[in-house]
file my_file.txt (compact mmCIF, N, CA and C atoms)
# COMPACT_ATOMS: atom_id res chain seq x y z
N MET A 1 18.84 -10.96 1.25
CA MET A 1 17.74 -10.61 0.36
C MET A 1 18.20 -9.53 -0.61
N GLN A 2 17.54 -9.46 -1.76
CA GLN A 2 17.94 -8.53 -2.81
C GLN A 2 16.92 -7.41 -2.91
N PHE A 3 17.33 -6.20 -2.55
CA PHE A 3 16.44 -5.06 -2.60
C PHE A 3 17.09 -3.88 -3.32
N ASP A 4 17.89 -4.14 -4.32
CA ASP A 4 18.57 -3.07 -5.02
C ASP A 4 17.58 -2.06 -5.60
N TYR A 5 16.47 -2.53 -6.12
CA TYR A 5 15.50 -1.65 -6.75
C TYR A 5 14.65 -0.91 -5.73
N LEU A 6 14.67 -1.31 -4.46
CA LEU A 6 13.91 -0.61 -3.43
C LEU A 6 14.74 0.45 -2.73
N LYS A 7 16.06 0.40 -2.90
CA LYS A 7 16.98 1.32 -2.23
C LYS A 7 16.78 1.26 -0.73
N SER A 8 16.63 0.07 -0.19
CA SER A 8 16.39 -0.12 1.23
C SER A 8 17.71 -0.10 1.99
N ASN A 9 17.79 0.77 2.98
CA ASN A 9 18.98 0.86 3.83
C ASN A 9 18.75 0.17 5.17
N GLU A 10 17.61 -0.45 5.34
CA GLU A 10 17.26 -1.04 6.61
C GLU A 10 17.93 -2.40 6.77
N ASP A 11 18.30 -2.72 8.00
CA ASP A 11 18.84 -4.03 8.32
C ASP A 11 17.67 -4.94 8.67
N ASP A 12 17.49 -6.05 7.93
CA ASP A 12 16.34 -6.92 8.13
C ASP A 12 16.31 -7.54 9.52
N GLY A 13 17.46 -7.69 10.16
CA GLY A 13 17.51 -8.30 11.48
C GLY A 13 16.96 -7.42 12.58
N LEU A 14 16.86 -6.12 12.36
CA LEU A 14 16.44 -5.19 13.40
C LEU A 14 15.10 -4.53 13.12
N MET A 15 14.34 -5.06 12.22
CA MET A 15 13.06 -4.45 11.85
C MET A 15 11.97 -4.88 12.81
N SER A 16 11.02 -3.97 13.04
CA SER A 16 9.88 -4.30 13.88
C SER A 16 8.90 -5.15 13.08
N ILE A 17 7.94 -5.72 13.77
CA ILE A 17 6.93 -6.56 13.10
C ILE A 17 6.16 -5.74 12.07
N GLU A 18 5.82 -4.51 12.44
CA GLU A 18 5.08 -3.64 11.51
C GLU A 18 5.92 -3.33 10.27
N ASP A 19 7.21 -3.08 10.48
CA ASP A 19 8.10 -2.81 9.34
C ASP A 19 8.20 -4.03 8.44
N LEU A 20 8.27 -5.22 9.03
CA LEU A 20 8.32 -6.44 8.24
C LEU A 20 7.04 -6.64 7.43
N ARG A 21 5.90 -6.32 8.02
CA ARG A 21 4.62 -6.41 7.29
C ARG A 21 4.61 -5.46 6.11
N VAL A 22 5.04 -4.24 6.34
CA VAL A 22 5.07 -3.24 5.27
C VAL A 22 6.01 -3.70 4.16
N LEU A 23 7.17 -4.20 4.53
CA LEU A 23 8.13 -4.68 3.54
C LEU A 23 7.56 -5.85 2.75
N ARG A 24 6.91 -6.78 3.44
CA ARG A 24 6.31 -7.94 2.76
C ARG A 24 5.21 -7.50 1.80
N LEU A 25 4.37 -6.55 2.22
CA LEU A 25 3.32 -6.05 1.33
C LEU A 25 3.92 -5.33 0.12
N ARG A 26 4.99 -4.57 0.34
CA ARG A 26 5.65 -3.88 -0.76
C ARG A 26 6.22 -4.88 -1.76
N LYS A 27 6.84 -5.94 -1.24
CA LYS A 27 7.40 -6.97 -2.12
C LYS A 27 6.29 -7.67 -2.90
N LYS A 28 5.16 -7.96 -2.25
CA LYS A 28 4.04 -8.60 -2.95
C LYS A 28 3.50 -7.70 -4.05
N LYS A 29 3.39 -6.40 -3.75
CA LYS A 29 2.89 -5.47 -4.76
C LYS A 29 3.84 -5.40 -5.94
N ILE A 30 5.13 -5.35 -5.69
CA ILE A 30 6.11 -5.30 -6.77
C ILE A 30 6.01 -6.56 -7.62
N GLU A 31 5.90 -7.72 -6.98
CA GLU A 31 5.79 -8.98 -7.74
C GLU A 31 4.49 -9.02 -8.55
N SER A 32 3.39 -8.57 -7.97
CA SER A 32 2.13 -8.60 -8.72
C SER A 32 2.17 -7.61 -9.88
N ASP A 33 2.82 -6.46 -9.68
CA ASP A 33 2.98 -5.50 -10.78
C ASP A 33 3.82 -6.09 -11.91
N LYS A 34 4.89 -6.82 -11.55
CA LYS A 34 5.72 -7.47 -12.57
C LYS A 34 4.90 -8.48 -13.36
N LYS A 35 4.09 -9.28 -12.66
CA LYS A 35 3.27 -10.28 -13.35
C LYS A 35 2.25 -9.62 -14.26
N ALA A 36 1.66 -8.52 -13.80
CA ALA A 36 0.68 -7.81 -14.61
C ALA A 36 1.32 -7.24 -15.87
N ARG A 37 2.50 -6.63 -15.73
CA ARG A 37 3.20 -6.09 -16.90
C ARG A 37 3.58 -7.19 -17.88
N LYS A 38 4.00 -8.35 -17.36
CA LYS A 38 4.35 -9.48 -18.23
C LYS A 38 3.12 -9.96 -18.98
N TYR A 39 2.00 -10.06 -18.29
CA TYR A 39 0.75 -10.51 -18.90
C TYR A 39 0.33 -9.54 -20.02
N ILE A 40 0.40 -8.25 -19.74
CA ILE A 40 0.02 -7.25 -20.74
C ILE A 40 0.98 -7.30 -21.93
N LEU A 41 2.27 -7.48 -21.66
CA LEU A 41 3.25 -7.60 -22.74
C LEU A 41 2.93 -8.80 -23.62
N ASP A 42 2.58 -9.94 -23.02
CA ASP A 42 2.23 -11.13 -23.80
C ASP A 42 1.00 -10.89 -24.66
N ILE A 43 0.00 -10.24 -24.10
CA ILE A 43 -1.21 -9.94 -24.87
C ILE A 43 -0.87 -9.02 -26.04
N ASN A 44 -0.08 -7.99 -25.78
CA ASN A 44 0.29 -7.05 -26.85
C ASN A 44 1.09 -7.73 -27.95
N GLN A 45 1.98 -8.63 -27.58
CA GLN A 45 2.75 -9.35 -28.59
C GLN A 45 1.85 -10.23 -29.45
N ARG A 46 0.90 -10.92 -28.81
CA ARG A 46 -0.03 -11.75 -29.60
C ARG A 46 -0.88 -10.89 -30.52
N TYR A 47 -1.32 -9.72 -30.04
CA TYR A 47 -2.13 -8.83 -30.85
C TYR A 47 -1.34 -8.33 -32.05
N ARG A 48 -0.08 -7.91 -31.81
CA ARG A 48 0.77 -7.45 -32.92
C ARG A 48 0.98 -8.55 -33.95
N LYS A 49 1.18 -9.76 -33.46
CA LYS A 49 1.40 -10.89 -34.36
C LYS A 49 0.16 -11.15 -35.21
N MET A 50 -1.05 -11.06 -34.59
CA MET A 50 -2.29 -11.27 -35.34
C MET A 50 -2.48 -10.17 -36.38
N ASN A 51 -2.18 -8.95 -36.02
CA ASN A 51 -2.33 -7.84 -36.97
C ASN A 51 -1.33 -7.93 -38.10
N CYS A 52 -0.16 -8.42 -37.81
CA CYS A 52 0.86 -8.58 -38.85
C CYS A 52 0.36 -9.60 -39.89
N PHE A 53 -0.25 -10.69 -39.47
CA PHE A 53 -0.76 -11.69 -40.39
C PHE A 53 -1.97 -11.19 -41.17
N LYS A 54 -2.79 -10.33 -40.58
CA LYS A 54 -3.95 -9.80 -41.30
C LYS A 54 -3.53 -8.86 -42.42
N LYS A 55 -2.45 -8.08 -42.20
CA LYS A 55 -2.03 -7.08 -43.18
C LYS A 55 -1.29 -7.74 -44.36
N ALA A 56 -0.67 -8.87 -44.13
CA ALA A 56 0.08 -9.52 -45.21
C ALA A 56 -0.89 -10.15 -46.21
N PRO A 57 -0.63 -9.98 -47.52
CA PRO A 57 -1.55 -10.53 -48.53
C PRO A 57 -1.41 -12.03 -48.69

call {"tool": "encode", "arguments": {"input": "my_file.txt", "output": "structure tokens"}}
result
Amino acid sequence: MQFDYLKSNEDDGLMSIEDLRVLRLRKKKIESDKKARKYILDINQRYRKMNCFKKAP
């Protein structure tokens, strides 16, 4: 698994069930945050594009 951005030093094979739950929730939160930022970026790009067309004569 890839956890470079989490700086995780834990070995996945030796984690307790509670640790695995916490890790899974953390991964879900990171993924949902990425999707939210992407969605906001798309909205902002569309807004900028609309404003650019309004300002042009």

call {"tool": "atom_distance", "arguments": {"input": "my_file.txt", "atom1": "atom C of Lys54 of chain A", "atom2": "atom CA of Asp42 of chain A"}}
result
19.6 Å

call {"tool": "atom_distance", "arguments": {"input": "my_file.txt", "atom1": "atom N of Leu14 of chain A", "atom2": "atom C of Lys27 of chain A"}}
result
18.6 Å

call {"tool": "atom_distance", "arguments": {"input": "my_file.txt", "atom1": "atom N of Ser32 of chain A", "atom2": "atom C of Leu20 of chain A"}}
result
15.9 Å

call {"tool": "build_atoms", "arguments": {"input": "my_file.txt", "residues": "segment 45-56 of chain A", "atoms": "all heavy atoms", "output": "compact mmCIF listing (two decimals), keeping the file's coordinate frame"}}
result
# COMPACT_ATOMS: atom_id res chain seq x y z
N GLN A 45 1.98 -8.63 -27.58
CA GLN A 45 2.75 -9.35 -28.59
C GLN A 45 1.85 -10.23 -29.45
O GLN A 45 2.01 -10.29 -30.67
CB GLN A 45 3.85 -10.18 -27.92
CG GLN A 45 4.98 -9.35 -27.39
CD GLN A 45 6.00 -10.17 -26.63
OE1 GLN A 45 5.73 -11.29 -26.21
NE2 GLN A 45 7.16 -9.60 -26.43
N ARG A 46 0.90 -10.92 -28.81
CA ARG A 46 -0.03 -11.75 -29.60
C ARG A 46 -0.88 -10.89 -30.52
O ARG A 46 -1.13 -11.25 -31.67
CB ARG A 46 -0.94 -12.56 -28.66
CG ARG A 46 -0.25 -13.79 -28.12
CD ARG A 46 -1.21 -14.64 -27.34
NE ARG A 46 -1.01 -14.29 -25.93
CZ ARG A 46 -1.95 -14.29 -25.01
NH1 ARG A 46 -3.17 -14.63 -25.30
NH2 ARG A 46 -1.68 -13.98 -23.77
N TYR A 47 -1.32 -9.72 -30.04
CA TYR A 47 -2.13 -8.83 -30.85
C TYR A 47 -1.34 -8.33 -32.05
O TYR A 47 -1.83 -8.30 -33.17
CB TYR A 47 -2.61 -7.65 -29.99
CG TYR A 47 -3.45 -6.66 -30.73
CD1 TYR A 47 -4.78 -6.93 -31.04
CD2 TYR A 47 -2.92 -5.44 -31.15
CE1 TYR A 47 -5.55 -6.02 -31.73
CE2 TYR A 47 -3.68 -4.52 -31.83
CZ TYR A 47 -5.00 -4.82 -32.12
OH TYR A 47 -5.75 -3.91 -32.80
N ARG A 48 -0.08 -7.91 -31.81
CA ARG A 48 0.77 -7.45 -32.92
C ARG A 48 0.98 -8.55 -33.95
O ARG A 48 0.98 -8.31 -35.16
CB ARG A 48 2.12 -6.96 -32.39
CG ARG A 48 2.06 -5.61 -31.78
CD ARG A 48 3.46 -5.10 -31.45
NE ARG A 48 3.38 -4.32 -30.24
CZ ARG A 48 3.91 -4.65 -29.07
NH1 ARG A 48 4.63 -5.73 -28.96
NH2 ARG A 48 3.76 -3.89 -28.02
N LYS A 49 1.18 -9.76 -33.46
CA LYS A 49 1.40 -10.89 -34.36
C LYS A 49 0.16 -11.15 -35.21
O LYS A 49 0.25 -11.38 -36.41
CB LYS A 49 1.75 -12.14 -33.55
CG LYS A 49 2.38 -13.24 -34.37
CD LYS A 49 2.71 -14.45 -33.53
CE LYS A 49 3.81 -14.17 -32.55
NZ LYS A 49 4.24 -15.38 -31.83
N MET A 50 -1.05 -11.06 -34.59
CA MET A 50 -2.29 -11.27 -35.34
C MET A 50 -2.48 -10.17 -36.38
O MET A 50 -2.88 -10.45 -37.51
CB MET A 50 -3.50 -11.30 -34.39
CG MET A 50 -3.58 -12.53 -33.56
SD MET A 50 -5.04 -12.70 -32.50
CE MET A 50 -5.65 -11.07 -32.29
N ASN A 51 -2.18 -8.95 -36.02
CA ASN A 51 -2.33 -7.84 -36.97
C ASN A 51 -1.33 -7.93 -38.10
O ASN A 51 -1.64 -7.57 -39.23
CB ASN A 51 -2.18 -6.49 -36.25
CG ASN A 51 -3.45 -6.08 -35.54
OD1 ASN A 51 -4.50 -6.66 -35.79
ND2 ASN A 51 -3.34 -5.13 -34.66
N CYS A 52 -0.16 -8.42 -37.81
CA CYS A 52 0.86 -8.58 -38.85
C CYS A 52 0.36 -9.60 -39.89
O CYS A 52 0.54 -9.39 -41.09
CB CYS A 52 2.16 -9.05 -38.24
SG CYS A 52 3.50 -9.23 -39.43
N PHE A 53 -0.25 -10.69 -39.47
CA PHE A 53 -0.76 -11.69 -40.39
C PHE A 53 -1.97 -11.19 -41.17
O PHE A 53 -2.14 -11.52 -42.35
CB PHE A 53 -1.15 -12.97 -39.64
CG PHE A 53 0.02 -13.76 -39.17
CD1 PHE A 53 0.10 -14.20 -37.86
CD2 PHE A 53 1.07 -14.09 -40.03
CE1 PHE A 53 1.19 -14.93 -37.41
CE2 PHE A 53 2.16 -14.82 -39.59
CZ PHE A 53 2.22 -15.23 -38.29
N LYS A 54 -2.79 -10.33 -40.58
CA LYS A 54 -3.95 -9.80 -41.30
C LYS A 54 -3.53 -8.86 -42.42
O LYS A 54 -4.13 -8.83 -43.47
CB LYS A 54 -4.86 -9.03 -40.32
CG LYS A 54 -5.65 -9.92 -39.42
CD LYS A 54 -6.54 -9.10 -38.51
CE LYS A 54 -7.31 -9.95 -37.55
NZ LYS A 54 -8.12 -9.16 -36.64
N LYS A 55 -2.45 -8.08 -42.20
CA LYS A 55 -2.03 -7.08 -43.18
C LYS A 55 -1.29 -7.74 -44.36
O LYS A 55 -1.27 -7.21 -45.44
CB LYS A 55 -1.14 -6.05 -42.53
CG LYS A 55 -1.89 -5.15 -41.57
CD LYS A 55 -0.97 -4.15 -40.92
CE LYS A 55 -1.76 -3.31 -39.91
NZ LYS A 55 -0.87 -2.38 -39.20
N ALA A 56 -0.67 -8.87 -44.13
CA ALA A 56 0.08 -9.52 -45.21
C ALA A 56 -0.89 -10.15 -46.21
O ALA A 56 -1.87 -10.78 -45.84
CB ALA A 56 0.99 -10.60 -44.63
